[in-house]
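Undergrad: Input file: final14.cif. Contents: mmCIF, C-alpha atoms.
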data_input
loop_
_atom_site.label_atom_id
_atom_site.label_comp_id
_atom_site.auth_asym_id
_atom_site.auth_seq_id
_atom_site.Cartn_x
_atom_site.Cartn_y
_atom_site.Cartn_z
CA MET A 1 26.25 -21.82 -28.08
CA VAL A 2 29.11 -22.61 -25.73
CA THR A 3 28.32 -25.39 -23.32
CA ALA A 4 31.76 -26.03 -21.97
CA VAL A 5 31.72 -29.29 -20.09
CA PRO A 6 34.79 -29.40 -17.84
CA SER A 7 37.18 -32.15 -18.84
CA ASP A 8 38.32 -32.82 -15.29
CA ASP A 9 36.79 -32.58 -11.84
CA ARG A 10 37.46 -28.89 -11.40
CA PRO A 11 34.33 -26.75 -11.23
CA PRO A 12 33.57 -24.57 -14.27
CA SER A 13 35.35 -21.24 -14.32
CA ILE A 14 33.61 -17.87 -14.05
CA ALA A 15 34.21 -17.47 -17.81
CA ALA A 16 32.40 -20.76 -18.50
CA ILE A 17 29.51 -19.64 -16.31
CA HIS A 18 29.32 -16.31 -18.11
CA ALA A 19 29.35 -18.14 -21.45
CA ALA A 20 26.50 -20.40 -20.32
CA LEU A 21 24.48 -17.41 -19.06
CA GLU A 22 24.55 -15.99 -22.62
CA GLN A 23 21.76 -18.49 -23.32
CA VAL A 24 19.46 -16.81 -20.79
CA VAL A 25 17.28 -14.23 -22.52
CA ASP A 26 14.78 -11.60 -21.48
CA PRO A 27 11.47 -13.42 -22.16
CA GLU A 28 9.86 -10.12 -23.17
CA ILE A 29 12.58 -9.50 -25.80
CA PRO A 30 13.85 -13.03 -26.53
CA ALA A 31 16.45 -11.75 -29.02
CA LEU A 32 18.40 -10.17 -26.15
CA SER A 33 20.43 -12.00 -23.53
CA ILE A 34 20.14 -10.83 -19.94
CA ARG A 35 23.80 -9.74 -20.26
CA ALA A 36 23.16 -7.59 -23.33
CA ILE A 37 20.25 -5.73 -21.75
CA GLY A 38 22.02 -5.26 -18.41
CA ILE A 39 19.84 -7.48 -16.20
CA LEU A 40 22.86 -9.68 -15.31
CA ARG A 41 24.95 -7.69 -12.84
CA ASP A 42 27.46 -10.06 -11.27
CA VAL A 43 28.62 -13.67 -10.95
CA ARG A 44 30.55 -14.69 -7.84
CA ILE A 45 31.85 -18.00 -6.62
CA SER A 46 32.43 -18.11 -2.88
CA ASP A 47 35.09 -20.19 -1.13
CA ASP A 48 32.57 -22.80 -0.08
CA GLY A 49 31.56 -23.34 -3.71
CA LEU A 50 28.30 -21.39 -3.82
CA THR A 51 27.74 -19.66 -7.14
CA GLU A 52 25.89 -16.42 -6.69
CA VAL A 53 24.30 -14.72 -9.70
CA VAL A 54 23.08 -11.15 -9.16
CA ILE A 55 20.33 -9.82 -11.41
CA THR A 56 18.34 -6.58 -11.38
CA PRO A 57 14.83 -6.04 -12.74
CA THR A 58 14.36 -3.61 -15.64
CA TYR A 59 11.24 -2.26 -13.95
CA SER A 60 9.83 -2.88 -10.47
CA GLY A 61 6.88 -5.00 -11.48
CA CYS A 62 8.80 -7.05 -14.04
CA PRO A 63 7.11 -10.46 -14.02
CA ALA A 64 9.99 -11.97 -16.01
CA ILE A 65 12.32 -12.11 -13.01
CA ASP A 66 10.94 -15.47 -11.83
CA VAL A 67 11.36 -17.00 -15.29
CA ILE A 68 14.88 -15.59 -15.60
CA THR A 69 15.83 -16.99 -12.18
CA HIS A 70 14.55 -20.41 -13.24
CA GLU A 71 16.46 -20.23 -16.55
CA ILE A 72 19.73 -19.28 -14.83
CA LYS A 73 19.45 -22.32 -12.58
CA ARG A 74 18.61 -24.54 -15.56
CA VAL A 75 21.59 -23.53 -17.72
CA LEU A 76 23.98 -23.74 -14.77
CA ALA A 77 22.67 -27.19 -13.91
CA GLU A 78 23.74 -28.26 -17.42
CA LEU A 79 27.28 -27.28 -16.37
CA CYS A 80 26.79 -29.37 -13.23
CA VAL A 81 26.68 -26.18 -11.15
CA THR A 82 23.80 -26.79 -8.76
CA ASP A 83 24.79 -24.88 -5.63
CA VAL A 84 23.37 -21.63 -7.02
CA ARG A 85 21.78 -18.60 -5.44
CA VAL A 86 20.13 -16.02 -7.68
CA ALA A 87 19.89 -12.69 -5.85
CA THR A 88 17.80 -9.74 -7.01
CA SER A 89 19.30 -6.36 -6.29
CA PHE A 90 17.98 -2.84 -6.93
CA ASN A 91 21.30 -1.23 -6.06
CA PRO A 92 22.26 0.36 -8.37
CA PRO A 93 18.87 0.53 -10.11
CA TRP A 94 18.75 -0.62 -13.72
CA THR A 95 18.73 2.10 -16.35
CA THR A 96 18.19 2.05 -20.11
CA ASP A 97 21.61 3.74 -20.36
CA TRP A 98 23.09 0.26 -19.76
CA ILE A 99 21.63 -1.10 -23.01
CA GLY A 100 24.62 -1.38 -25.35
CA ASP A 101 24.70 -0.28 -28.99
CA ASP A 102 24.63 -3.91 -30.16
CA ALA A 103 21.50 -4.55 -28.10
CA ARG A 104 19.85 -1.39 -29.49
CA GLU A 105 20.41 -2.67 -33.04
CA ILE A 106 18.91 -6.05 -32.10
CA MET A 107 15.85 -4.28 -30.64
CA LYS A 108 15.35 -2.38 -33.88
CA ALA A 109 15.65 -5.57 -35.91
CA ASN A 110 12.88 -6.98 -33.71
CA GLY A 111 10.49 -4.10 -34.29
CA ILE A 112 11.14 -2.28 -31.01
CA ALA A 113 12.42 1.29 -31.14
CA PRO A 114 15.29 1.56 -28.62
CA PRO A 115 15.39 4.43 -26.12
CA VAL A 116 16.61 7.65 -27.72
CA GLY A 117 19.54 9.45 -26.08
CA THR A 118 20.14 9.14 -22.36
CA VAL A 119 17.89 9.30 -19.31
CA ALA A 120 19.41 12.64 -18.27
CA ALA A 121 18.76 14.19 -21.69
CA GLN A 122 15.19 12.88 -21.77
CA GLU A 123 14.50 14.28 -18.29
CA ALA A 124 15.96 17.65 -19.27
CA PHE A 125 14.14 18.09 -22.57
CA GLN A 126 10.99 16.00 -21.93
CA VAL A 127 10.90 15.02 -25.60
CA ASP A 128 11.52 11.67 -27.25
CA PHE A 129 12.77 11.85 -30.85
CA VAL A 130 11.46 8.44 -31.78
CA SER A 131 11.87 6.96 -35.23
CA CYS A 132 10.11 3.96 -36.71
CA PRO A 133 12.20 0.77 -36.26
CA LEU A 134 10.80 -0.61 -39.53
CA CYS A 135 11.15 2.23 -42.05
CA GLY A 136 13.22 4.76 -40.10
CA SER A 137 10.67 7.57 -40.52
CA ARG A 138 10.47 10.33 -37.90
CA GLN A 139 6.79 10.78 -38.78
CA VAL A 140 5.50 8.83 -35.81
CA GLU A 141 2.76 9.41 -33.25
CA LEU A 142 2.38 8.35 -29.64
CA VAL A 143 -0.67 6.14 -29.08
CA SER A 144 -0.18 5.46 -25.37
CA SER A 145 2.66 5.90 -22.88
CA PHE A 146 2.15 2.33 -21.67
CA GLY A 147 2.23 -0.65 -23.99
CA SER A 148 2.54 -4.43 -23.76
CA THR A 149 4.80 -3.87 -20.75
CA SER A 150 5.30 -0.93 -18.44
CA CYS A 151 8.73 -0.16 -19.91
CA LYS A 152 7.37 0.33 -23.43
CA ALA A 153 5.12 2.95 -25.03
CA GLN A 154 2.90 2.33 -28.08
CA TYR A 155 3.59 4.31 -31.24
CA ARG A 156 2.26 4.33 -34.78
CA CYS A 157 4.28 5.21 -37.88
CA ARG A 158 2.53 7.70 -40.17
CA ASN A 159 4.79 6.73 -43.05
CA CYS A 160 4.62 2.91 -43.19
CA ARG A 161 1.43 2.78 -41.05
CA GLU A 162 2.86 0.08 -38.77
CA PRO A 163 2.33 0.13 -35.00
CA PHE A 164 5.47 -0.42 -32.92
CA ALA A 165 6.74 -0.39 -29.35
CA TYR A 166 9.17 2.21 -28.03
CA PHE A 167 11.41 1.31 -25.11
CA LYS A 168 11.13 4.32 -22.79
CA ASN A 169 14.06 5.93 -21.02
CA PHE A 170 14.27 4.88 -17.38
CA MET B 1 22.06 7.02 15.08
CA GLN B 2 20.26 3.69 15.12
CA VAL B 3 16.59 2.95 14.78
CA ASP B 4 14.70 0.11 16.39
CA PRO B 5 14.28 -2.64 13.73
CA GLY B 6 10.59 -2.99 14.58
CA ILE B 7 10.03 0.70 13.96
CA TYR B 8 11.91 0.59 10.65
CA SER B 9 9.87 -2.42 9.61
CA GLU B 10 6.64 -0.57 10.48
CA TYR B 11 7.83 2.41 8.42
CA LEU B 12 8.54 0.27 5.36
CA LEU B 13 5.25 -1.56 5.78
CA ARG B 14 3.41 1.77 5.41
CA LEU B 15 5.16 2.46 2.11
CA GLY B 16 4.52 -1.05 0.84
CA ASP B 17 0.85 -1.06 1.89
CA THR B 18 0.10 2.29 0.27
CA ASN B 19 1.56 1.18 -3.04
CA PHE B 20 -0.04 -2.23 -2.84
CA VAL B 21 -3.57 -0.98 -2.13
CA LEU B 22 -3.44 1.58 -4.93
CA GLY B 23 -1.98 -1.02 -7.30
CA HIS B 24 -4.86 -3.34 -6.48
CA ARG B 25 -7.41 -0.56 -6.97
CA LEU B 26 -5.98 0.13 -10.44
CA SER B 27 -6.19 -3.58 -11.28
CA GLU B 28 -9.96 -3.29 -10.72
CA TRP B 29 -10.13 -1.23 -13.93
CA LEU B 30 -9.27 -4.37 -15.89
CA GLY B 31 -12.04 -4.91 -18.40
CA LYS B 32 -13.72 -1.58 -17.56
CA ALA B 33 -11.39 1.18 -18.80
CA PRO B 34 -12.61 3.59 -21.51
CA THR B 35 -10.22 2.24 -24.21
CA ILE B 36 -7.89 -0.72 -24.48
CA GLU B 37 -4.81 1.53 -24.55
CA GLU B 38 -5.97 3.19 -21.35
CA GLU B 39 -6.65 -0.17 -19.79
CA LEU B 40 -3.06 -1.22 -20.52
CA ALA B 41 -1.82 2.03 -19.01
CA LEU B 42 -3.80 1.70 -15.76
CA ILE B 43 -2.86 -1.95 -15.37
CA ASN B 44 0.81 -1.28 -16.08
CA ILE B 45 0.87 1.53 -13.53
CA GLY B 46 -0.78 -0.85 -11.06
CA LEU B 47 1.88 -3.44 -11.85
CA ASP B 48 4.63 -0.88 -11.21
CA LEU B 49 3.06 -0.04 -7.85
CA ILE B 50 2.69 -3.68 -6.82
CA GLY B 51 6.26 -4.43 -7.94
CA GLN B 52 7.55 -1.52 -5.86
CA ALA B 53 5.44 -2.75 -2.93
CA ARG B 54 6.88 -6.29 -3.20
CA ALA B 55 10.44 -4.96 -3.14
CA ILE B 56 9.68 -2.78 -0.09
CA TYR B 57 7.77 -5.60 1.69
CA LYS B 58 10.86 -7.82 1.44
CA HIS B 59 12.89 -5.24 3.34
CA ALA B 60 10.07 -4.62 5.84
CA LEU B 61 9.99 -8.34 6.60
CA SER B 62 13.74 -8.77 6.88
CA ALA B 63 14.13 -5.60 9.01
CA GLY B 64 11.53 -6.94 11.42
CA GLY B 65 12.97 -10.47 11.47
CA ASP B 66 9.57 -11.65 10.21
CA ASP B 67 9.54 -15.03 8.44
CA ARG B 68 6.30 -14.43 6.52
CA ASP B 69 6.43 -13.72 2.79
CA GLU B 70 4.78 -10.94 0.76
CA ASP B 71 1.77 -13.09 -0.15
CA GLN B 72 1.05 -13.80 3.50
CA LEU B 73 1.34 -10.08 4.26
CA VAL B 74 -1.29 -9.04 1.76
CA PHE B 75 -3.65 -12.03 1.87
CA LEU B 76 -3.68 -12.79 5.58
CA ARG B 77 -3.82 -9.43 7.32
CA ASP B 78 -7.12 -7.81 8.23
CA ALA B 79 -7.94 -4.16 7.52
CA HIS B 80 -6.77 -2.85 10.93
CA GLU B 81 -3.31 -4.35 10.27
CA TYR B 82 -2.91 -2.42 7.02
CA ARG B 83 -0.85 0.78 7.27
CA ASN B 84 -1.66 2.48 3.94
CA LEU B 85 -2.70 6.09 3.41
CA LEU B 86 -6.49 6.52 3.35
CA LEU B 87 -6.17 8.32 -0.01
CA VAL B 88 -5.52 5.10 -1.90
CA GLU B 89 -8.17 2.77 -0.46
CA LYS B 90 -11.38 4.47 -1.55
CA GLU B 91 -13.36 2.78 -4.32
CA ASN B 92 -12.37 3.85 -7.84
CA GLY B 93 -15.49 5.91 -8.55
CA ASP B 94 -15.58 7.27 -12.07
CA PHE B 95 -12.57 7.86 -14.33
CA GLY B 96 -12.38 11.51 -13.20
CA TYR B 97 -12.01 10.47 -9.57
CA THR B 98 -9.46 7.76 -10.40
CA ILE B 99 -7.33 10.24 -12.36
CA ALA B 100 -7.54 12.95 -9.68
CA ARG B 101 -6.45 10.45 -7.02
CA GLN B 102 -3.71 9.09 -9.28
CA LEU B 103 -2.25 12.53 -9.91
CA ALA B 104 -2.36 13.50 -6.22
CA TYR B 105 -0.53 10.31 -5.26
CA SER B 106 1.91 10.16 -8.20
CA VAL B 107 3.16 13.73 -7.70
CA TYR B 108 3.68 12.91 -4.01
CA ALA B 109 5.22 9.49 -4.69
CA ARG B 110 7.75 10.89 -7.13
CA LEU B 111 8.94 13.47 -4.57
CA TYR B 112 8.93 10.91 -1.78
CA TRP B 113 10.90 8.23 -3.66
CA GLU B 114 13.42 10.80 -4.89
CA ALA B 115 14.04 11.84 -1.30
CA LEU B 116 14.24 8.22 -0.11
CA SER B 117 16.82 7.40 -2.80
CA THR B 118 19.44 9.00 -0.53
CA SER B 119 18.63 6.62 2.35
CA LYS B 120 21.57 5.01 4.13
CA ASP B 121 19.91 1.65 3.45
CA LEU B 122 21.39 1.22 -0.03
CA GLU B 123 19.03 -1.53 -1.22
CA VAL B 124 15.96 0.50 -0.18
CA ALA B 125 17.59 3.57 -1.78
CA GLY B 126 17.85 1.57 -5.03
CA VAL B 127 14.19 0.51 -4.88
CA ALA B 128 13.27 4.17 -4.27
CA ALA B 129 15.41 5.45 -7.16
CA LYS B 130 13.74 2.98 -9.50
CA ALA B 131 10.26 3.84 -8.18
CA ALA B 132 10.96 7.58 -8.65
CA LYS B 133 11.75 7.03 -12.33
CA GLU B 134 8.54 5.04 -12.78
CA ALA B 135 6.51 7.66 -10.90
CA ARG B 136 7.69 10.27 -13.42
CA TYR B 137 5.70 8.44 -16.11
CA HIS B 138 2.73 8.01 -13.76
CA VAL B 139 2.60 11.78 -13.14
CA LYS B 140 2.68 12.46 -16.87
CA HIS B 141 -0.10 9.95 -17.54
CA ALA B 142 -2.50 11.25 -14.87
CA GLY B 143 -1.62 14.90 -15.47
CA GLU B 144 -2.24 14.75 -19.21
CA TRP B 145 -5.60 13.04 -18.66
CA LEU B 146 -6.60 15.70 -16.14
CA VAL B 147 -5.74 18.46 -18.64
CA ARG B 148 -7.62 16.75 -21.46
CA LEU B 149 -10.73 16.08 -19.39
CA GLY B 150 -10.65 19.16 -17.15
CA ASP B 151 -10.27 21.39 -20.18
CA GLY B 152 -12.72 19.21 -22.11
CA THR B 153 -16.48 19.15 -22.14
CA GLU B 154 -18.76 20.58 -19.47
CA GLU B 155 -19.44 17.03 -18.28
CA SER B 156 -15.77 15.92 -18.13
CA HIS B 157 -14.80 19.20 -16.44
CA ALA B 158 -17.48 18.75 -13.77
CA ARG B 159 -16.49 15.16 -13.10
CA CYS B 160 -12.79 16.00 -12.76
CA GLN B 161 -13.55 18.93 -10.45
CA ASP B 162 -15.72 16.63 -8.38
CA GLY B 163 -12.87 14.07 -8.29
CA VAL B 164 -10.33 16.65 -7.13
CA ASP B 165 -12.76 17.97 -4.49
CA GLN B 166 -13.37 14.46 -3.13
CA VAL B 167 -9.68 13.56 -3.08
CA TRP B 168 -8.49 16.71 -1.34
CA MET B 169 -9.41 15.87 2.27
CA TYR B 170 -7.27 12.71 2.04
CA THR B 171 -4.09 14.49 0.97
CA GLY B 172 -3.11 15.98 4.35
CA GLU B 173 -2.18 12.56 5.73
CA MET B 174 0.64 12.24 3.18
CA PHE B 175 2.66 14.96 4.93
CA GLU B 176 2.18 13.89 8.55
CA MET B 177 5.28 13.07 10.57
CA ASP B 178 4.53 10.90 13.59
CA ALA B 179 7.03 9.35 16.04
CA VAL B 180 7.77 6.39 13.73
CA ALA B 181 8.52 8.63 10.74
CA GLN B 182 10.60 10.97 12.92
CA SER B 183 12.86 8.29 14.36
CA VAL B 184 13.44 6.68 10.96
CA LEU B 185 14.27 10.13 9.55
CA LYS B 186 16.76 10.79 12.36
CA ALA B 187 18.52 7.51 11.58
CA GLY B 188 19.08 8.64 7.96
CA LEU B 189 16.65 6.04 6.63
CA GLY B 190 13.54 8.12 6.04
CA VAL B 191 12.04 11.19 4.44
CA ASP B 192 10.77 14.42 5.98
CA ALA B 193 7.33 14.27 4.37
CA ALA B 194 6.33 17.65 5.81
CA LEU B 195 9.02 19.26 3.65
CA LEU B 196 7.46 17.85 0.46
CA LYS B 197 4.17 19.69 0.90
CA GLY B 198 5.19 22.99 -0.72
CA GLU B 199 6.53 21.36 -3.87
CA TRP B 200 3.54 18.98 -4.07
CA LEU B 201 1.11 21.87 -3.79
CA SER B 202 2.94 23.88 -6.42
CA GLN B 203 3.01 20.99 -8.92
CA MET B 204 -0.65 20.16 -8.25
CA SER B 205 -1.62 23.81 -8.72
CA ALA B 206 0.21 23.91 -12.06
CA TRP B 207 -1.66 20.81 -13.31
CA LEU B 208 -4.99 22.15 -12.01
CA ASP B 209 -4.41 25.51 -13.74
CA ARG B 210 -3.68 23.81 -17.05
CA SER B 211 -6.81 21.70 -16.54
CA THR B 212 -8.95 24.84 -15.89
CA LEU B 213 -9.89 23.27 -12.54
CA THR B 214 -10.13 25.02 -9.19
CA ARG B 215 -7.82 24.03 -6.37
CA PRO B 216 -9.97 23.20 -3.32
CA GLY B 217 -9.54 25.57 -0.39
CA ASP B 218 -8.05 24.60 2.94
CA THR B 219 -10.23 21.95 4.45
CA TRP B 220 -10.32 19.47 7.33
CA MET B 221 -7.95 16.61 6.60
CA VAL B 222 -8.82 13.06 7.60
CA SER B 223 -6.12 10.65 8.79
CA GLY B 224 -5.73 7.33 10.57
CA GLY B 225 -4.48 4.85 7.96
CA ARG B 226 -1.07 4.57 9.57
CA ALA B 227 -2.69 3.64 12.87
CA GLY B 228 -4.84 1.01 11.18
CA GLN B 229 -8.03 3.11 11.29
CA HIS B 230 -9.48 2.71 7.83
CA THR B 231 -12.61 3.55 5.89
CA GLU B 232 -15.11 0.78 5.14
CA HIS B 233 -13.77 0.71 1.57
CA LEU B 234 -10.61 -1.18 2.55
CA GLY B 235 -12.55 -3.93 4.31
CA ARG B 236 -14.66 -4.54 1.21
CA MET B 237 -11.59 -4.56 -1.01
CA LEU B 238 -9.87 -7.13 1.20
CA ALA B 239 -13.01 -9.26 1.50
CA GLU B 240 -12.97 -9.83 -2.24
CA MET B 241 -9.19 -9.97 -2.69
CA GLN B 242 -8.55 -12.34 0.23
CA PHE B 243 -11.53 -14.64 -0.29
CA LEU B 244 -9.61 -17.50 -1.89
CA GLN B 245 -6.84 -17.61 0.71
CA ARG B 246 -9.35 -17.40 3.55
CA ALA B 247 -11.55 -20.16 2.12
CA TYR B 248 -8.69 -22.41 0.98
CA PRO B 249 -5.69 -21.55 3.17
CA GLY B 250 -2.33 -22.02 1.48
CA GLN B 251 -3.87 -22.60 -1.96
CA LYS B 252 -1.33 -22.06 -4.76
CA TRP B 253 -1.49 -21.66 -8.53
#
For this file, write the structure as structure tokens.
TA:
Amino acid sequence: MVTAVPSDDRPPSIAAIHAALEQVVDPEIPALSIRAIGILRDVRISDDGLTEVVITPTYSGCPAIDVITHEIKRVLAELCVTDVRVATSFNPPWTTDWIGDDAREIMKANGIAPPVGTVAAQEAFQVDFVSCPLCGSRQVELVSSFGSTSCKAQYRCRNCREPFAYFKNF
Amino acid sequence: MQVDPGIYSEYLLRLGDTNFVLGHRLSEWLGKAPTIEEELALINIGLDLIGQARAIYKHALSAGGDDRDEDQLVFLRDAHEYRNLLLVEKENGDFGYTIARQLAYSVYARLYWEALSTSKDLEVAGVAAKAAKEARYHVKHAGEWLVRLGDGTEESHARCQDGVDQVWMYTGEMFEMDAVAQSVLKAGLGVDAALLKGEWLSQMSAWLDRSTLTRPGDTWMVSGGRAGQHTEHLGRMLAEMQFLQRAYPGQKW
């Protein structure tokens, strides 16, 4: 992991801050950085030296936001950036459409079925074509629309018999 | 057109309080729901509602120039200072009642948040857009339970019908437009709740039909939550919820 310590007295660049923030993960899916899942929205350095990091929650009640805020401050402190403000913004609201293809593959590798299609398509057709993240089978059944967190549903695979979580379209 | 910040703050407080009280009521199902999957569902919906309430409370406090935080708002106000709809404060009753109440509110909330997502206050509009997406799943959850139980056994049908009948007299308050709601609407920051009634009624009727339940006839509608006039249920809920902060002020985890 990049922990670029500046060689002179100049403050770390935006690029160095972004690199450091790659270490901050979503505690509910630790394989994904907050950048990869779209929680990290913006990094700004103002003229008076304040570093502002803007994050957005994946769902309204997300209890991970406090942990993420703490982690951002911790990794930036390692870069000697201590004048930090972490702002939470709902505008624009987070959507599963921001989860990149790389992040979807990582979810699958971690036993979580990524959202299928786009939010607009799901709203139009009201059907989720979910496949098992472990064996790839389409022979799956919904156990409950709400799982370990509000953003996931619980499914069971009829082929390999494993239970798994499905990340719902939001 | 501008709105008085105090009035806008009062408006947001109503939205926050309604979501918060219902979220707390759902949390009371913890350890008592029919199955563990259903327990997770009710608690997660409650968490969504409380998360939405927190986000709205922040804006209510900043609009009103109030230096309290969300915890102080919920733990240190008495019942008459709460501005929630009466619909959400009643005790949970049986599962049939809880589901009937949840569907009535979720259908309304989805329409309301969708309308509020065009507010000129862009941060509040974002909170509303997010809440509308979450409410879509809440409608589906409550609606599918109502169909399964309403069109289920004689016992489950009777309980759901009883739940719907009990809930009905509290639904009129959702569509009231008083002076506060009117002035916020005129400033481009609110929702014309009266306009949502037709769509709410049509969606509720569709769910009730599928559930083989009868839509209650026109009845007297109770109101008063927005003026701080509550049922005795809210006082009992707060007495339990606020006990720790009242007995040990400022106590933290």
Undergrad: What residues come out when you apply the PyMOL selection byres ((chain B and resi 111-122) around 6) to this file, written as a PyMOL selection string?
TA: chain B and resi 108-110+123-125+128-129+132+188-189+191
Undergrad: Keeping C-alpha atoms, export the residues of the selection given above as a CSV table (one decimal), keeping the file's coordinate frame.
TA:
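Just written: again.csv:
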chain,number,residue,atom,x,y,z
B,108,TYR,CA,3.7,12.9,-4.0
B,109,ALA,CA,5.2,9.5,-4.7
B,110,ARG,CA,7.8,10.9,-7.1
B,123,GLU,CA,19.0,-1.5,-1.2
B,124,VAL,CA,16.0,0.5,-0.2
B,125,ALA,CA,17.6,3.6,-1.8
B,128,ALA,CA,13.3,4.2,-4.3
B,129,ALA,CA,15.4,5.4,-7.2
B,132,ALA,CA,11.0,7.6,-8.6
B,188,GLY,CA,19.1,8.6,8.0
B,189,LEU,CA,16.6,6.0,6.6
B,191,VAL,CA,12.0,11.2,4.4
Undergrad: Translate the PyMOL selection byres ((chain A) within 9 of (chain B)) into a concrete residue list for this structure, as a list in words.
TA: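 Matching residues under the PyMOL selection byres ((chain A) within 9 of (chain B)) are Tyr59, Ser60, Gly61, Cys62, Pro63, Ser89, Phe90, Asn91, Pro92, Pro93, Trp94, Thr95, Val143, Ser144, Ser145, Phe146, Gly147, Ser148, Thr149, Ser150, Cys151, Gln154 and Phe170 of chain A.
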Undergrad: Quick one: residues within 8 Å of region 9-23 of chain B, only C-alpha atoms counted, chain neighbours fewer than 3 positions away excluded, as a PDB file with C-alpha atoms, in the frame of the given file?
TA:
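Output (around-v5.pdb):
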ATOM      1  CA  PRO B   5      14.280  -2.640  13.730  1.00  0.00           C
ATOM      2  CA  GLY B   6      10.590  -2.990  14.580  1.00  0.00           C
ATOM      3  CA  LEU B  26      -5.980   0.130 -10.440  1.00  0.00           C
ATOM      4  CA  SER B  27      -6.190  -3.580 -11.280  1.00  0.00           C
ATOM      5  CA  ILE B  45       0.870   1.530 -13.530  1.00  0.00           C
ATOM      6  CA  GLY B  46      -0.780  -0.850 -11.060  1.00  0.00           C
ATOM      7  CA  LEU B  47       1.880  -3.440 -11.850  1.00  0.00           C
ATOM      8  CA  ASP B  48       4.630  -0.880 -11.210  1.00  0.00           C
ATOM      9  CA  LEU B  49       3.060  -0.040  -7.850  1.00  0.00           C
ATOM     10  CA  ILE B  50       2.690  -3.680  -6.820  1.00  0.00           C
ATOM     11  CA  GLN B  52       7.550  -1.520  -5.860  1.00  0.00           C
ATOM     12  CA  ALA B  53       5.440  -2.750  -2.930  1.00  0.00           C
ATOM     13  CA  ARG B  54       6.880  -6.290  -3.200  1.00  0.00           C
ATOM     14  CA  ILE B  56       9.680  -2.780  -0.090  1.00  0.00           C
ATOM     15  CA  TYR B  57       7.770  -5.600   1.690  1.00  0.00           C
ATOM     16  CA  HIS B  59      12.890  -5.240   3.340  1.00  0.00           C
ATOM     17  CA  ALA B  60      10.070  -4.620   5.840  1.00  0.00           C
ATOM     18  CA  LEU B  61       9.990  -8.340   6.600  1.00  0.00           C
ATOM     19  CA  SER B  62      13.740  -8.770   6.880  1.00  0.00           C
ATOM     20  CA  ALA B  63      14.130  -5.600   9.010  1.00  0.00           C
ATOM     21  CA  GLY B  64      11.530  -6.940  11.420  1.00  0.00           C
ATOM     22  CA  TYR B  82      -2.910  -2.420   7.020  1.00  0.00           C
ATOM     23  CA  ARG B  83      -0.850   0.780   7.270  1.00  0.00           C
ATOM     24  CA  ASN B  84      -1.660   2.480   3.940  1.00  0.00           C
ATOM     25  CA  LEU B  85      -2.700   6.090   3.410  1.00  0.00           C
ATOM     26  CA  VAL B  88      -5.520   5.100  -1.900  1.00  0.00           C
ATOM     27  CA  GLU B  89      -8.170   2.770  -0.460  1.00  0.00           C
ATOM     28  CA  VAL B 180       7.770   6.390  13.730  1.00  0.00           C
ATOM     29  CA  ALA B 181       8.520   8.630  10.740  1.00  0.00           C
ATOM     30  CA  VAL B 184      13.440   6.680  10.960  1.00  0.00           C
ATOM     31  CA  ARG B 226      -1.070   4.570   9.570  1.00  0.00           C
TER      32      ARG B 226
END
Undergrad: Need the shell around Glu232 (chain B): protein/DNA/RNA residues with any atom at most 12 Å away, counting all atoms listed in the file. Skip same-chain ones fewer than 5 positions apart. Format as a ChimeraX atom specification?
TA: /B:79-80,86,89-91,225,237-239
Undergrad: State, in Å with one decimal place, the distance from CA of His233 (chain B) to CA of Asp71 (chain B).
TA: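 Computed distance, CA of His233 (chain B) to CA of Asp71 (chain B), equals 20.9 Å.
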Undergrad: Can you list, as a PyMOL selection string, the residues that the PyMOL selection byres ((chain A and resi 98) around 9) selects here?
TA: chain A and resi 36-38+94-97+99-100
Undergrad: Could those residues be written to a file, using C-alpha atoms, as a PDB file, keeping the file's coordinate frame?
TA:
ATOM      1  CA  ALA A  36      23.160  -7.590 -23.330  1.00  0.00           C
ATOM      2  CA  ILE A  37      20.250  -5.730 -21.750  1.00  0.00           C
ATOM      3  CA  GLY A  38      22.020  -5.260 -18.410  1.00  0.00           C
ATOM      4  CA  TRP A  94      18.750  -0.620 -13.720  1.00  0.00           C
ATOM      5  CA  THR A  95      18.730   2.100 -16.350  1.00  0.00           C
ATOM      6  CA  THR A  96      18.190   2.050 -20.110  1.00  0.00           C
ATOM      7  CA  ASP A  97      21.610   3.740 -20.360  1.00  0.00           C
ATOM      8  CA  ILE A  99      21.630  -1.100 -23.010  1.00  0.00           C
ATOM      9  CA  GLY A 100      24.620  -1.380 -25.350  1.00  0.00           C
TER      10      GLY A 100
END
Undergrad: What is the CA of Leu73 (chain B) to CA of Gly250 (chain B) distance in Å?
TA: 12.8 Å
Undergrad: Using only C-alpha atoms, which of the listed residues (B:Val164, B:Ala158, B:Ala104, B:Ile7) sits closest to Arg215 (chain B)?
TA: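 Checking each of B:Val164, B:Ala158, B:Ala104, B:Ile7 against Arg215 (chain B), counting only C-alpha atoms, the winner is B:Val164.
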Undergrad: As a PDB file with C-alpha atoms, keeping the file's coordinate frame, please: the residues near Lys168 (chain A) (cut-off 6 Å, all atoms listed in the file, same-chain neighbours under 2 positions excluded).
TA:
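For reference, out21.pdb as written:
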ATOM      1  CA  PRO A 115      15.390   4.430 -26.120  1.00  0.00           C
ATOM      2  CA  CYS A 151       8.730  -0.160 -19.910  1.00  0.00           C
ATOM      3  CA  LYS A 152       7.370   0.330 -23.430  1.00  0.00           C
ATOM      4  CA  TYR A 166       9.170   2.210 -28.030  1.00  0.00           C
TER       5      TYR A 166
END
Undergrad: With all atoms listed in the file as the atoms that count, which of A:Thr82, A:Thr118, A:Thr88, A:Gln126 lies nearest to Ile65 (chain A)?
TA: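 Nearest candidate to Ile65 (chain A) out of A:Thr82, A:Thr118, A:Thr88, A:Gln126: A:Thr88.
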